[in-house]
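What follows is the content of data34.cif, which has mmCIF, C-alpha atoms and all ligand atoms:
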```cif
data_run
loop_
_atom_site.label_atom_id
_atom_site.label_comp_id
_atom_site.auth_asym_id
_atom_site.auth_seq_id
_atom_site.Cartn_x
_atom_site.Cartn_y
_atom_site.Cartn_z
CA MET A 1 113.59 84.45 86.23
CA THR A 2 115.84 82.89 88.90
CA ASP A 3 114.75 81.63 92.31
CA PRO A 4 113.72 84.21 94.92
CA VAL A 5 116.29 85.32 97.49
CA TYR A 6 113.67 85.76 100.22
CA ARG A 7 111.33 83.35 101.99
CA ARG A 8 108.99 85.95 103.53
CA VAL A 9 108.72 89.68 102.85
CA VAL A 10 106.59 92.67 103.75
CA ILE A 11 105.84 95.01 100.85
CA LYS A 12 104.85 98.59 101.64
CA LEU A 13 102.56 99.96 98.96
CA SER A 14 101.70 103.65 99.07
CA GLY A 15 98.06 104.56 98.84
CA GLU A 16 99.01 107.46 96.62
CA TYR A 17 100.25 105.07 93.95
CA LEU A 18 96.82 103.40 93.78
CA ALA A 19 95.22 106.68 92.68
CA GLY A 20 97.03 106.44 89.34
CA GLN A 21 96.84 109.64 87.27
CA GLN A 22 93.55 110.74 88.88
CA GLY A 23 95.28 111.85 92.10
CA PHE A 24 92.51 110.65 94.44
CA GLY A 25 90.79 107.38 95.23
CA ILE A 26 91.38 104.03 93.58
CA ASP A 27 92.29 103.75 89.91
CA GLN A 28 91.17 100.22 89.07
CA PRO A 29 93.60 99.65 86.16
CA THR A 30 96.47 100.60 88.50
CA MET A 31 95.05 98.31 91.18
CA ASP A 32 94.83 95.47 88.62
CA ARG A 33 98.44 96.00 87.55
CA VAL A 34 99.69 95.97 91.13
CA ALA A 35 97.64 92.83 91.83
CA ASP A 36 99.17 91.11 88.76
CA ASP A 37 102.67 91.99 90.00
CA LEU A 38 101.92 90.69 93.49
CA ILE A 39 100.46 87.45 92.12
CA ALA A 40 103.49 86.91 89.86
CA ALA A 41 105.78 87.59 92.83
CA ARG A 42 103.85 85.12 95.02
CA GLU A 43 104.15 82.49 92.30
CA LEU A 44 107.93 82.66 92.68
CA GLY A 45 107.43 81.02 96.09
CA THR A 46 108.03 83.93 98.47
CA GLU A 47 105.42 84.52 101.21
CA ILE A 48 104.05 88.04 100.84
CA ALA A 49 102.38 90.41 103.28
CA VAL A 50 101.42 93.83 101.96
CA VAL A 51 101.01 96.92 104.14
CA ILE A 52 98.91 99.49 102.30
CA GLY A 53 98.86 103.22 102.86
CA GLY A 54 95.84 105.47 102.64
CA GLY A 55 97.21 108.70 101.18
CA ASN A 56 95.01 108.31 98.07
CA ILE A 57 91.97 108.77 100.31
CA PHE A 58 92.90 110.44 103.57
CA ARG A 59 95.90 111.59 105.59
CA GLY A 60 95.30 112.58 109.22
CA VAL A 61 97.89 115.32 109.26
CA GLU A 62 96.15 117.14 106.39
CA VAL A 63 92.97 117.78 108.39
CA SER A 64 94.47 118.25 111.84
CA SER A 65 94.82 122.00 111.25
CA ARG A 66 91.18 122.30 110.16
CA GLY A 67 89.19 121.54 113.29
CA VAL A 68 89.60 117.78 113.39
CA SER A 69 92.05 116.63 116.04
CA ARG A 70 95.14 114.77 114.87
CA PRO A 71 94.18 111.49 116.59
CA THR A 72 90.73 111.60 114.94
CA GLY A 73 92.24 112.50 111.57
CA ASP A 74 94.76 109.68 111.91
CA THR A 75 91.99 107.24 112.76
CA MET A 76 90.22 108.32 109.56
CA GLY A 77 93.51 107.75 107.70
CA MET A 78 93.81 104.27 109.15
CA LEU A 79 90.26 103.49 108.02
CA ALA A 80 91.25 104.69 104.53
CA THR A 81 94.04 102.08 104.47
CA MET A 82 91.40 99.48 105.25
CA MET A 83 89.38 100.50 102.19
CA ASN A 84 92.46 100.04 100.00
CA CYS A 85 93.03 96.67 101.63
CA LEU A 86 89.54 95.44 100.84
CA ALA A 87 89.81 96.66 97.25
CA LEU A 88 93.16 94.92 96.72
CA GLU A 89 91.94 91.73 98.40
CA ALA A 90 88.92 91.65 96.04
CA THR A 91 91.10 92.39 93.00
CA ILE A 92 93.60 89.62 93.79
CA GLU A 93 90.87 87.08 94.54
CA ARG A 94 88.99 87.96 91.33
CA LYS A 95 92.15 86.86 89.49
CA GLY A 96 92.01 83.46 91.22
CA THR A 97 94.75 83.91 93.83
CA PRO A 98 93.85 83.57 97.51
CA ALA A 99 94.35 86.70 99.60
CA LYS A 100 93.40 87.73 103.12
CA ALA A 101 92.86 91.18 104.59
CA LEU A 102 93.68 91.54 108.28
CA SER A 103 92.93 94.68 110.27
CA ALA A 104 94.70 96.36 113.16
CA PHE A 105 91.23 97.16 114.53
CA VAL A 106 88.51 94.89 115.81
CA MET A 107 85.85 95.14 113.09
CA PRO A 108 84.52 91.60 112.70
CA GLU A 109 82.00 92.44 109.98
CA VAL A 110 84.77 93.92 107.84
CA SER A 111 87.87 91.80 108.37
CA GLU A 112 89.66 89.53 110.78
CA LEU A 113 91.94 91.12 113.37
CA PHE A 114 95.69 91.05 112.72
CA THR A 115 97.47 88.69 115.08
CA ARG A 116 100.79 86.98 114.53
CA ALA A 117 99.09 83.60 114.69
CA ALA A 118 96.59 84.56 111.99
CA ALA A 119 99.33 86.01 109.80
CA HIS A 120 101.45 82.83 110.06
CA LYS A 121 98.41 80.67 109.33
CA TYR A 122 97.32 82.52 106.19
CA LEU A 123 100.86 82.90 104.85
CA ALA A 124 101.38 79.16 105.28
CA GLU A 125 98.19 78.63 103.24
CA GLY A 126 99.84 80.55 100.41
CA ARG A 127 97.59 83.61 100.62
CA ILE A 128 98.78 87.11 99.89
CA LEU A 129 98.21 88.98 103.16
CA LEU A 130 96.89 92.53 103.11
CA LEU A 131 97.48 94.33 106.38
CA GLY A 132 95.20 97.31 106.93
CA GLY A 133 94.57 99.83 109.67
CA GLY A 134 98.22 100.81 110.08
CA THR A 135 99.58 100.14 113.55
CA GLY A 136 96.15 100.94 114.99
CA ASN A 137 97.63 104.03 116.67
CA PRO A 138 97.61 107.70 115.69
CA PHE A 139 100.87 109.58 115.05
CA PHE A 140 102.40 106.66 113.15
CA THR A 141 102.64 105.93 109.43
CA THR A 142 102.16 102.90 107.29
CA ASP A 143 105.95 102.92 106.62
CA THR A 144 106.44 102.30 110.33
CA THR A 145 103.64 99.73 110.20
CA ALA A 146 105.49 97.83 107.46
CA VAL A 147 108.65 97.59 109.56
CA LEU A 148 106.67 96.68 112.68
CA ARG A 149 104.71 93.91 110.95
CA ALA A 150 107.87 92.59 109.27
CA ALA A 151 109.56 92.31 112.67
CA GLU A 152 106.47 90.69 114.18
CA ILE A 153 106.00 88.02 111.52
CA GLY A 154 109.68 87.30 110.93
CA ALA A 155 109.97 88.73 107.41
CA GLU A 156 113.52 89.04 106.13
CA VAL A 157 113.13 92.41 104.42
CA VAL A 158 110.78 95.34 103.91
CA LEU A 159 110.26 96.26 100.28
CA LYS A 160 109.18 99.87 100.01
CA ALA A 161 107.44 100.19 96.65
CA THR A 162 107.30 103.80 95.55
CA ASN A 163 107.35 106.13 92.54
CA VAL A 164 111.14 106.54 92.44
CA ASP A 165 113.86 103.93 91.98
CA GLY A 166 115.54 104.44 95.34
CA VAL A 167 116.62 106.97 97.93
CA TYR A 168 117.86 110.31 96.54
CA SER A 169 119.67 113.19 98.22
CA ALA A 170 116.70 115.43 97.25
CA ASP A 171 113.42 114.99 95.37
CA PRO A 172 114.62 114.01 91.86
CA LYS A 173 111.34 115.32 90.36
CA LYS A 174 112.10 118.82 91.70
CA ASP A 175 115.90 118.96 91.92
CA PRO A 176 117.86 117.81 88.84
CA SER A 177 121.10 117.73 90.87
CA ALA A 178 119.69 115.05 93.25
CA THR A 179 121.93 111.98 93.48
CA ARG A 180 120.77 108.41 94.06
CA PHE A 181 122.22 106.10 96.71
CA ASP A 182 122.80 102.41 96.02
CA ARG A 183 123.24 101.67 99.69
CA LEU A 184 122.79 103.47 103.03
CA THR A 185 122.92 102.45 106.67
CA HIS A 186 119.80 103.01 108.75
CA SER A 187 121.66 105.73 110.65
CA GLN A 188 122.67 107.49 107.42
CA ALA A 189 119.05 107.35 106.24
CA ILE A 190 117.88 108.95 109.52
CA GLU A 191 120.62 111.58 109.62
CA GLY A 192 120.09 112.47 105.95
CA GLY A 193 116.40 113.18 106.62
CA TYR A 194 115.51 111.71 103.22
CA LYS A 195 111.81 112.09 102.60
CA VAL A 196 111.21 108.64 101.13
CA MET A 197 110.45 107.08 104.52
CA ASP A 198 109.98 108.52 107.99
CA ALA A 199 112.64 108.41 110.68
CA THR A 200 110.52 106.27 113.02
CA ALA A 201 110.38 103.55 110.38
CA PHE A 202 114.14 103.65 109.82
CA ALA A 203 114.80 103.68 113.59
CA LEU A 204 112.61 100.61 114.17
CA ALA A 205 114.31 98.84 111.25
CA ARG A 206 117.71 99.64 112.79
CA GLU A 207 116.53 98.37 116.17
CA THR A 208 115.23 95.12 114.68
CA SER A 209 118.10 94.71 112.12
CA LEU A 210 115.67 94.71 109.22
CA PRO A 211 116.90 95.70 105.78
CA ILE A 212 114.68 97.93 103.66
CA ILE A 213 114.82 98.06 99.88
CA VAL A 214 113.36 101.20 98.32
CA PHE A 215 112.41 100.60 94.68
CA SER A 216 110.09 101.81 91.94
CA ILE A 217 106.89 99.89 91.30
CA ALA A 218 106.28 101.73 88.02
CA GLU A 219 107.80 98.98 85.86
CA PRO A 220 105.61 95.84 85.68
CA GLY A 221 107.48 92.88 87.20
CA SER A 222 109.62 95.05 89.47
CA ILE A 223 108.51 93.24 92.66
CA GLY A 224 109.56 89.87 91.24
CA ALA A 225 112.88 91.29 90.10
CA ILE A 226 113.62 92.62 93.61
CA LEU A 227 112.64 89.26 95.14
CA CYS A 228 115.16 87.53 92.87
CA GLY A 229 117.93 89.99 93.76
CA ALA A 230 117.88 91.42 90.23
CA GLY A 231 115.98 94.66 90.81
CA HIS A 232 117.21 98.21 90.95
CA GLY A 233 116.71 99.85 94.33
CA THR A 234 118.44 101.43 97.32
CA ILE A 235 119.29 99.01 100.11
CA VAL A 236 119.07 100.46 103.61
CA ALA A 237 120.75 98.07 106.01
CA GLY A 238 122.93 98.21 109.07
N1 LIG B 301 98.00 106.30 110.12
C1 LIG B 301 98.08 106.34 111.50
N2 LIG B 301 98.75 105.34 112.16
C2 LIG B 301 99.37 104.32 111.52
C3 LIG B 301 99.33 104.31 110.10
C4 LIG B 301 98.64 105.31 109.43
O1 LIG B 301 97.52 107.24 112.13
O2 LIG B 301 99.94 103.43 112.19
C5 LIG B 301 97.17 107.30 109.41
C6 LIG B 301 97.85 108.63 109.18
O3 LIG B 301 96.89 109.65 109.29
C7 LIG B 301 98.32 108.52 107.75
C8 LIG B 301 97.19 107.75 107.11
O4 LIG B 301 96.81 106.81 108.12
O5 LIG B 301 98.49 109.76 107.13
C9 LIG B 301 97.54 107.02 105.83
O6 LIG B 301 98.79 106.37 105.94
P1 LIG B 301 100.09 106.86 105.15
O7 LIG B 301 100.17 108.36 105.15
O8 LIG B 301 101.25 106.14 105.74
O9 LIG B 301 99.78 106.36 103.69
P2 LIG B 301 100.62 106.48 102.33
O10 LIG B 301 101.37 107.77 102.35
O11 LIG B 301 101.58 105.33 102.28
O12 LIG B 301 99.60 106.37 101.24
#
```
Taking this structure as input, can you express it in the form of structure tokens?
Ligand code: UDP
Amino acid sequence: MTDPVYRRVVIKLSGEYLAGQQGFGIDQPTMDRVADDLIAARELGTEIAVVIGGGNIFRGVEVSSRGVSRPTGDTMGMLATMMNCLALEATIERKGTPAKALSAFVMPEVSELFTRAAAHKYLAEGRILLLGGGTGNPFFTTDTTAVLRAAEIGAEVVLKATNVDGVYSADPKKDPSATRFDRLTHSQAIEGGYKVMDATAFALARETSLPIIVFSIAEPGSIGAILCGAGHGTIVAG
């Protein structure tokens, strides 16, 4: 493989992906595969921070109509992202690569608090950073968190790892006529209302001039390929 194109990236990993075929919770073989891909990508020399979702465990919006308020449900969702973070940190470290989970919440017995200084320090040490707890605020998503953290720590790009190989005009699993975009501007992504990422995330990326690459994580080695400019994904950039 060639040299990486990027010095520092934020990778957004959906919680849903970590459930594997079981649909809920953490599928350890899937977690192991993702960890192997992240380790191989780190070995290329790029500094990597991962923002993890929590959809495999809990999504606030899904309970907010059932007697739990949306802010409480979202807080539960953010705690779910922290569980994924701890599991991925343990999986990466078991394989001999240093990692570090940082949380958006103060929870000293669980993990260190995310600050820019801590993130810079651990990235410089060569650790794979795992950023849990979302933004720490309800009504946001981990997609928005990924863009926010990328802007905060000076990452050059957000890599949105998902189940499909880019942004489509409609859900390609439901609509066979859906077409795939190679490239979109942030404004086109917002106006198109494409479901792959929420509008707040695209708007913050536009505001901070951050490119986003949406790509499929299903193929082993796909993160490394994207880092080397050889992968297959949709580029969303201004
Ligand atoms: N969440 C939140 N604020 C944030 C990030 C996440 O309230 O800044 C909550 C929200 O309830 C969300 C859940 O955490 O549904 C899990 O995150 P997300 O849905 O983004 O996970 P993914 O779909 O990527 O697995």
Under the rule of at most 9 Å, produce a per-residue listing of chain A near ligand LIG 301 (chain B): chain, number, name, the closest pair of atoms, and the distance in Å, as a tab-separated table, using all atoms listed in the file.
```
residue	atom	partner	partner_atom	distance
A:Lys12	CA	B:LIG301	O11	7.5
A:Leu13	CA	B:LIG301	O11	6.4
A:Ser14	CA	B:LIG301	O11	3.6
A:Gly15	CA	B:LIG301	O12	3.4
A:Glu16	CA	B:LIG301	O12	4.8
A:Tyr17	CA	B:LIG301	O12	7.4
A:Leu18	CA	B:LIG301	O12	8.5
A:Val51	CA	B:LIG301	O11	8.6
A:Ile52	CA	B:LIG301	O11	6.4
A:Gly53	CA	B:LIG301	O9	3.4
A:Gly54	CA	B:LIG301	C9	3.9
A:Gly55	CA	B:LIG301	O12	3.3
A:Asn56	CA	B:LIG301	O12	5.9
A:Ile57	CA	B:LIG301	C9	8.0
A:Phe58	CA	B:LIG301	C8	6.2
A:Arg59	CA	B:LIG301	O5	3.5
A:Gly60	CA	B:LIG301	O3	3.3
A:Val61	CA	B:LIG301	O3	5.8
A:Glu62	CA	B:LIG301	O5	7.8
A:Arg70	CA	B:LIG301	O3	7.8
A:Pro71	CA	B:LIG301	O1	7.0
A:Thr72	CA	B:LIG301	O1	8.5
A:Gly73	CA	B:LIG301	O3	5.9
A:Asp74	CA	B:LIG301	O3	3.4
A:Thr75	CA	B:LIG301	O1	5.6
A:Met76	CA	B:LIG301	O3	6.8
A:Gly77	CA	B:LIG301	O4	3.5
A:Met78	CA	B:LIG301	O4	4.1
A:Leu79	CA	B:LIG301	O4	7.3
A:Ala80	CA	B:LIG301	C9	6.8
A:Thr81	CA	B:LIG301	C9	6.2
A:Ala104	CA	B:LIG301	O2	8.9
A:Gly132	CA	B:LIG301	C3	8.7
A:Gly133	CA	B:LIG301	C3	6.6
A:Gly134	CA	B:LIG301	C3	3.7
A:Thr135	CA	B:LIG301	O2	3.6
A:Gly136	CA	B:LIG301	O2	5.3
A:Asn137	CA	B:LIG301	N2	4.8
A:Pro138	CA	B:LIG301	O1	3.6
A:Phe139	CA	B:LIG301	O1	5.0
A:Phe140	CA	B:LIG301	N2	4.0
A:Thr141	CA	B:LIG301	C3	3.7
A:Thr142	CA	B:LIG301	O8	3.7
A:Asp143	CA	B:LIG301	O8	5.8
A:Thr144	CA	B:LIG301	O2	6.9
A:Thr145	CA	B:LIG301	O2	5.6
A:Thr162	CA	B:LIG301	O11	9.0
```
Neighbouring residues of Gly126 of chain A were defined as those with any atom within 12 Å, considering all atoms listed in the file; residues of the same chain fewer than 5 positions away were excluded. Please report them as a PDB file with C-alpha atoms, in the coordinates of the input.
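The resulting file, around.pdb, is shown below:
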```
ATOM      1  CA  ARG A   7     111.330  83.350 101.990  1.00  0.00           C
ATOM      2  CA  ARG A   8     108.990  85.950 103.530  1.00  0.00           C
ATOM      3  CA  ILE A  39     100.460  87.450  92.120  1.00  0.00           C
ATOM      4  CA  ALA A  41     105.780  87.590  92.830  1.00  0.00           C
ATOM      5  CA  ARG A  42     103.850  85.120  95.020  1.00  0.00           C
ATOM      6  CA  GLU A  43     104.150  82.490  92.300  1.00  0.00           C
ATOM      7  CA  LEU A  44     107.930  82.660  92.680  1.00  0.00           C
ATOM      8  CA  GLY A  45     107.430  81.020  96.090  1.00  0.00           C
ATOM      9  CA  THR A  46     108.030  83.930  98.470  1.00  0.00           C
ATOM     10  CA  GLU A  47     105.420  84.520 101.210  1.00  0.00           C
ATOM     11  CA  ILE A  48     104.050  88.040 100.840  1.00  0.00           C
ATOM     12  CA  ALA A  49     102.380  90.410 103.280  1.00  0.00           C
ATOM     13  CA  THR A  97      94.750  83.910  93.830  1.00  0.00           C
ATOM     14  CA  PRO A  98      93.850  83.570  97.510  1.00  0.00           C
ATOM     15  CA  ALA A  99      94.350  86.700  99.600  1.00  0.00           C
ATOM     16  CA  LYS A 100      93.400  87.730 103.120  1.00  0.00           C
ATOM     17  CA  ALA A 119      99.330  86.010 109.800  1.00  0.00           C
ATOM     18  CA  HIS A 120     101.450  82.830 110.060  1.00  0.00           C
ATOM     19  CA  LYS A 121      98.410  80.670 109.330  1.00  0.00           C
TER      20      LYS A 121
END
```
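Within the 7 Å cut-off around Arg180 of chain A, using only C-alpha atoms and omitting residues fewer than 6 positions from it on the same chain, the listed residues are Gly166, Val167, Tyr168 and Ser169 of chain A.
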Q.
As an exercise, work out the distance from atom CA of Ala101 of chain A to atom CA of Leu86 of chain A in Å and give it to one decimal place.
A.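 That distance, rounded to one decimal, is 6.6 Å.
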Q) Need the neighbours of (96.8, 89.8, 93.9): which residues are at most 6 Å away, counting only C-alpha atoms, as a ChimeraX atom specification? A) /A:35-36,38-39,92
Q. What separation in Å, quoted to one decimal, exists between atom CA of Pro108 of chain A and atom CA of Leu88 of chain A?
A.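 Spanning atom CA of Pro108 of chain A to atom CA of Leu88 of chain A is a straight-line distance of 18.5 Å.
Shortest separation to Leu131 of chain A among A:Val50, A:Leu113, A:Ala87, A:Val147 occurs at residue A:Val50, atoms counted being all atoms listed in the file.
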**Q.** Near-segment 222-237 of chain A list (6 Å; all atoms listed in the file; drop same-chain fewer than 2 positions) as number ranges by chain
**A.** A: 3-5, 41, 165-167, 182-186, 211-215, 217, 219-220
Q. At what distance in Å, to one decimal, does atom CA of Asp171 of chain A lie from atom CA of Ala218 of chain A?
A. 16.8 Å
Q. Using only C-alpha atoms, what residues lie at most 8 Å away from (113.7, 94.8, 110.1) (file coordinates), given as a list in words?
A.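 Final list of nearby residues, as requested, is Val147, Leu148, Ala150, Ala151, Ala155, Glu156, Val157, Val158, Leu204, Ala205, Arg206, Glu207, Thr208, Ser209, Leu210, Pro211 and Ile212 of chain A.
Distances to Arg149 of chain A were evaluated for A:Ala170, A:Val10, A:Ala90, A:Ala118 using all atoms listed in the file, and the minimum falls at A:Val10.
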Q | A:Asn84, A:Ser111, A:Gln188, A:Thr179 ranked by distance to Ala19 of chain A, top pick (using only C-alpha atoms) | A |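 Selected residue with least distance to Ala19 of chain A: A:Asn84.
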Enclose segment 106-116 of chain A, meaning all of its atoms listed in the file, in a box aligned along x, y and z, pad it by 3 Å on each side, and list the centre and edge lengths in Å to one decimal, as JSON.
```
{"center_x": 91.4, "center_y": 91.1, "center_z": 111.8, "size_x": 24.8, "size_y": 14.2, "size_z": 14.0}
```
Completion of segment 25-57 of chain A up to N, CA and C atoms, as a PDB file, keeping the file's coordinate frame:
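Result went into selection21.pdb, see below:
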```pdb
ATOM      1  N   GLY A  25      91.600 108.597  95.303  1.00  0.00           N
ATOM      2  CA  GLY A  25      90.790 107.380  95.230  1.00  0.00           C
ATOM      3  C   GLY A  25      91.538 106.221  94.583  1.00  0.00           C
ATOM      4  N   ILE A  26      90.774 105.257  94.118  1.00  0.00           N
ATOM      5  CA  ILE A  26      91.380 104.030  93.580  1.00  0.00           C
ATOM      6  C   ILE A  26      91.199 103.996  92.068  1.00  0.00           C
ATOM      7  N   ASP A  27      92.311 103.913  91.365  1.00  0.00           N
ATOM      8  CA  ASP A  27      92.290 103.750  89.910  1.00  0.00           C
ATOM      9  C   ASP A  27      92.343 102.247  89.641  1.00  0.00           C
ATOM     10  N   GLN A  28      91.236 101.687  89.167  1.00  0.00           N
ATOM     11  CA  GLN A  28      91.170 100.220  89.070  1.00  0.00           C
ATOM     12  C   GLN A  28      92.229  99.616  88.132  1.00  0.00           C
ATOM     13  N   PRO A  29      92.524 100.230  86.982  1.00  0.00           N
ATOM     14  CA  PRO A  29      93.600  99.650  86.160  1.00  0.00           C
ATOM     15  C   PRO A  29      94.942  99.595  86.911  1.00  0.00           C
ATOM     16  N   THR A  30      95.227 100.620  87.716  1.00  0.00           N
ATOM     17  CA  THR A  30      96.470 100.600  88.500  1.00  0.00           C
ATOM     18  C   THR A  30      96.400  99.485  89.540  1.00  0.00           C
ATOM     19  N   MET A  31      95.251  99.367  90.190  1.00  0.00           N
ATOM     20  CA  MET A  31      95.050  98.310  91.180  1.00  0.00           C
ATOM     21  C   MET A  31      95.237  96.928  90.533  1.00  0.00           C
ATOM     22  N   ASP A  32      94.694  96.750  89.333  1.00  0.00           N
ATOM     23  CA  ASP A  32      94.830  95.470  88.620  1.00  0.00           C
ATOM     24  C   ASP A  32      96.300  95.176  88.319  1.00  0.00           C
ATOM     25  N   ARG A  33      97.021  96.195  87.884  1.00  0.00           N
ATOM     26  CA  ARG A  33      98.440  96.000  87.550  1.00  0.00           C
ATOM     27  C   ARG A  33      99.249  95.611  88.774  1.00  0.00           C
ATOM     28  N   VAL A  34      98.979  96.291  89.892  1.00  0.00           N
ATOM     29  CA  VAL A  34      99.690  95.970  91.130  1.00  0.00           C
ATOM     30  C   VAL A  34      99.343  94.545  91.568  1.00  0.00           C
ATOM     31  N   ALA A  35      98.064  94.184  91.444  1.00  0.00           N
ATOM     32  CA  ALA A  35      97.640  92.830  91.830  1.00  0.00           C
ATOM     33  C   ALA A  35      98.357  91.790  90.956  1.00  0.00           C
ATOM     34  N   ASP A  36      98.470  92.052  89.655  1.00  0.00           N
ATOM     35  CA  ASP A  36      99.170  91.110  88.760  1.00  0.00           C
ATOM     36  C   ASP A  36     100.625  90.934  89.203  1.00  0.00           C
ATOM     37  N   ASP A  37     101.263  92.046  89.553  1.00  0.00           N
ATOM     38  CA  ASP A  37     102.670  91.990  90.000  1.00  0.00           C
ATOM     39  C   ASP A  37     102.812  91.190  91.290  1.00  0.00           C
ATOM     40  N   LEU A  38     101.868  91.412  92.216  1.00  0.00           N
ATOM     41  CA  LEU A  38     101.920  90.690  93.490  1.00  0.00           C
ATOM     42  C   LEU A  38     101.697  89.200  93.280  1.00  0.00           C
ATOM     43  N   ILE A  39     100.758  88.865  92.396  1.00  0.00           N
ATOM     44  CA  ILE A  39     100.460  87.450  92.120  1.00  0.00           C
ATOM     45  C   ILE A  39     101.687  86.788  91.486  1.00  0.00           C
ATOM     46  N   ALA A  40     102.306  87.474  90.520  1.00  0.00           N
ATOM     47  CA  ALA A  40     103.490  86.910  89.860  1.00  0.00           C
ATOM     48  C   ALA A  40     104.617  86.726  90.885  1.00  0.00           C
ATOM     49  N   ALA A  41     104.740  87.684  91.794  1.00  0.00           N
ATOM     50  CA  ALA A  41     105.780  87.590  92.830  1.00  0.00           C
ATOM     51  C   ALA A  41     105.493  86.416  93.767  1.00  0.00           C
ATOM     52  N   ARG A  42     104.229  86.244  94.134  1.00  0.00           N
ATOM     53  CA  ARG A  42     103.850  85.120  95.020  1.00  0.00           C
ATOM     54  C   ARG A  42     104.141  83.784  94.349  1.00  0.00           C
ATOM     55  N   GLU A  43     103.933  83.747  93.030  1.00  0.00           N
ATOM     56  CA  GLU A  43     104.150  82.490  92.300  1.00  0.00           C
ATOM     57  C   GLU A  43     105.626  82.086  92.263  1.00  0.00           C
ATOM     58  N   LEU A  44     106.505  83.013  92.585  1.00  0.00           N
ATOM     59  CA  LEU A  44     107.930  82.660  92.680  1.00  0.00           C
ATOM     60  C   LEU A  44     108.203  81.799  93.913  1.00  0.00           C
ATOM     61  N   GLY A  45     107.274  81.854  94.891  1.00  0.00           N
ATOM     62  CA  GLY A  45     107.430  81.020  96.090  1.00  0.00           C
ATOM     63  C   GLY A  45     107.636  81.809  97.371  1.00  0.00           C
ATOM     64  N   THR A  46     107.825  83.112  97.272  1.00  0.00           N
ATOM     65  CA  THR A  46     108.030  83.930  98.470  1.00  0.00           C
ATOM     66  C   THR A  46     106.674  84.215  99.135  1.00  0.00           C
ATOM     67  N   GLU A  47     106.638  84.143 100.470  1.00  0.00           N
ATOM     68  CA  GLU A  47     105.420  84.520 101.210  1.00  0.00           C
ATOM     69  C   GLU A  47     105.357  86.052 101.283  1.00  0.00           C
ATOM     70  N   ILE A  48     104.173  86.588 100.985  1.00  0.00           N
ATOM     71  CA  ILE A  48     104.050  88.040 100.840  1.00  0.00           C
ATOM     72  C   ILE A  48     102.965  88.615 101.737  1.00  0.00           C
ATOM     73  N   ALA A  49     103.352  89.599 102.536  1.00  0.00           N
ATOM     74  CA  ALA A  49     102.380  90.410 103.280  1.00  0.00           C
ATOM     75  C   ALA A  49     102.530  91.836 102.780  1.00  0.00           C
ATOM     76  N   VAL A  50     101.392  92.478 102.502  1.00  0.00           N
ATOM     77  CA  VAL A  50     101.420  93.830 101.960  1.00  0.00           C
ATOM     78  C   VAL A  50     100.828  94.783 103.001  1.00  0.00           C
ATOM     79  N   VAL A  51     101.554  95.844 103.302  1.00  0.00           N
ATOM     80  CA  VAL A  51     101.010  96.920 104.140  1.00  0.00           C
ATOM     81  C   VAL A  51     100.648  98.063 103.195  1.00  0.00           C
ATOM     82  N   ILE A  52      99.395  98.481 103.252  1.00  0.00           N
ATOM     83  CA  ILE A  52      98.910  99.490 102.300  1.00  0.00           C
ATOM     84  C   ILE A  52      98.699 100.819 103.007  1.00  0.00           C
ATOM     85  N   GLY A  53      99.092 101.879 102.340  1.00  0.00           N
ATOM     86  CA  GLY A  53      98.860 103.220 102.860  1.00  0.00           C
ATOM     87  C   GLY A  53      97.453 103.685 102.554  1.00  0.00           C
ATOM     88  N   GLY A  54      97.190 104.934 102.857  1.00  0.00           N
ATOM     89  CA  GLY A  54      95.840 105.470 102.640  1.00  0.00           C
ATOM     90  C   GLY A  54      95.852 106.867 102.057  1.00  0.00           C
ATOM     91  N   GLY A  55      97.034 107.314 101.649  1.00  0.00           N
ATOM     92  CA  GLY A  55      97.210 108.700 101.180  1.00  0.00           C
ATOM     93  C   GLY A  55      96.374 109.043  99.961  1.00  0.00           C
ATOM     94  N   ASN A  56      95.883 108.059  99.222  1.00  0.00           N
ATOM     95  CA  ASN A  56      95.010 108.310  98.070  1.00  0.00           C
ATOM     96  C   ASN A  56      93.598 108.698  98.507  1.00  0.00           C
ATOM     97  N   ILE A  57      93.314 108.477  99.796  1.00  0.00           N
ATOM     98  CA  ILE A  57      91.970 108.770 100.310  1.00  0.00           C
ATOM     99  C   ILE A  57      92.028 109.805 101.436  1.00  0.00           C
TER     100      ILE A  57
END
```
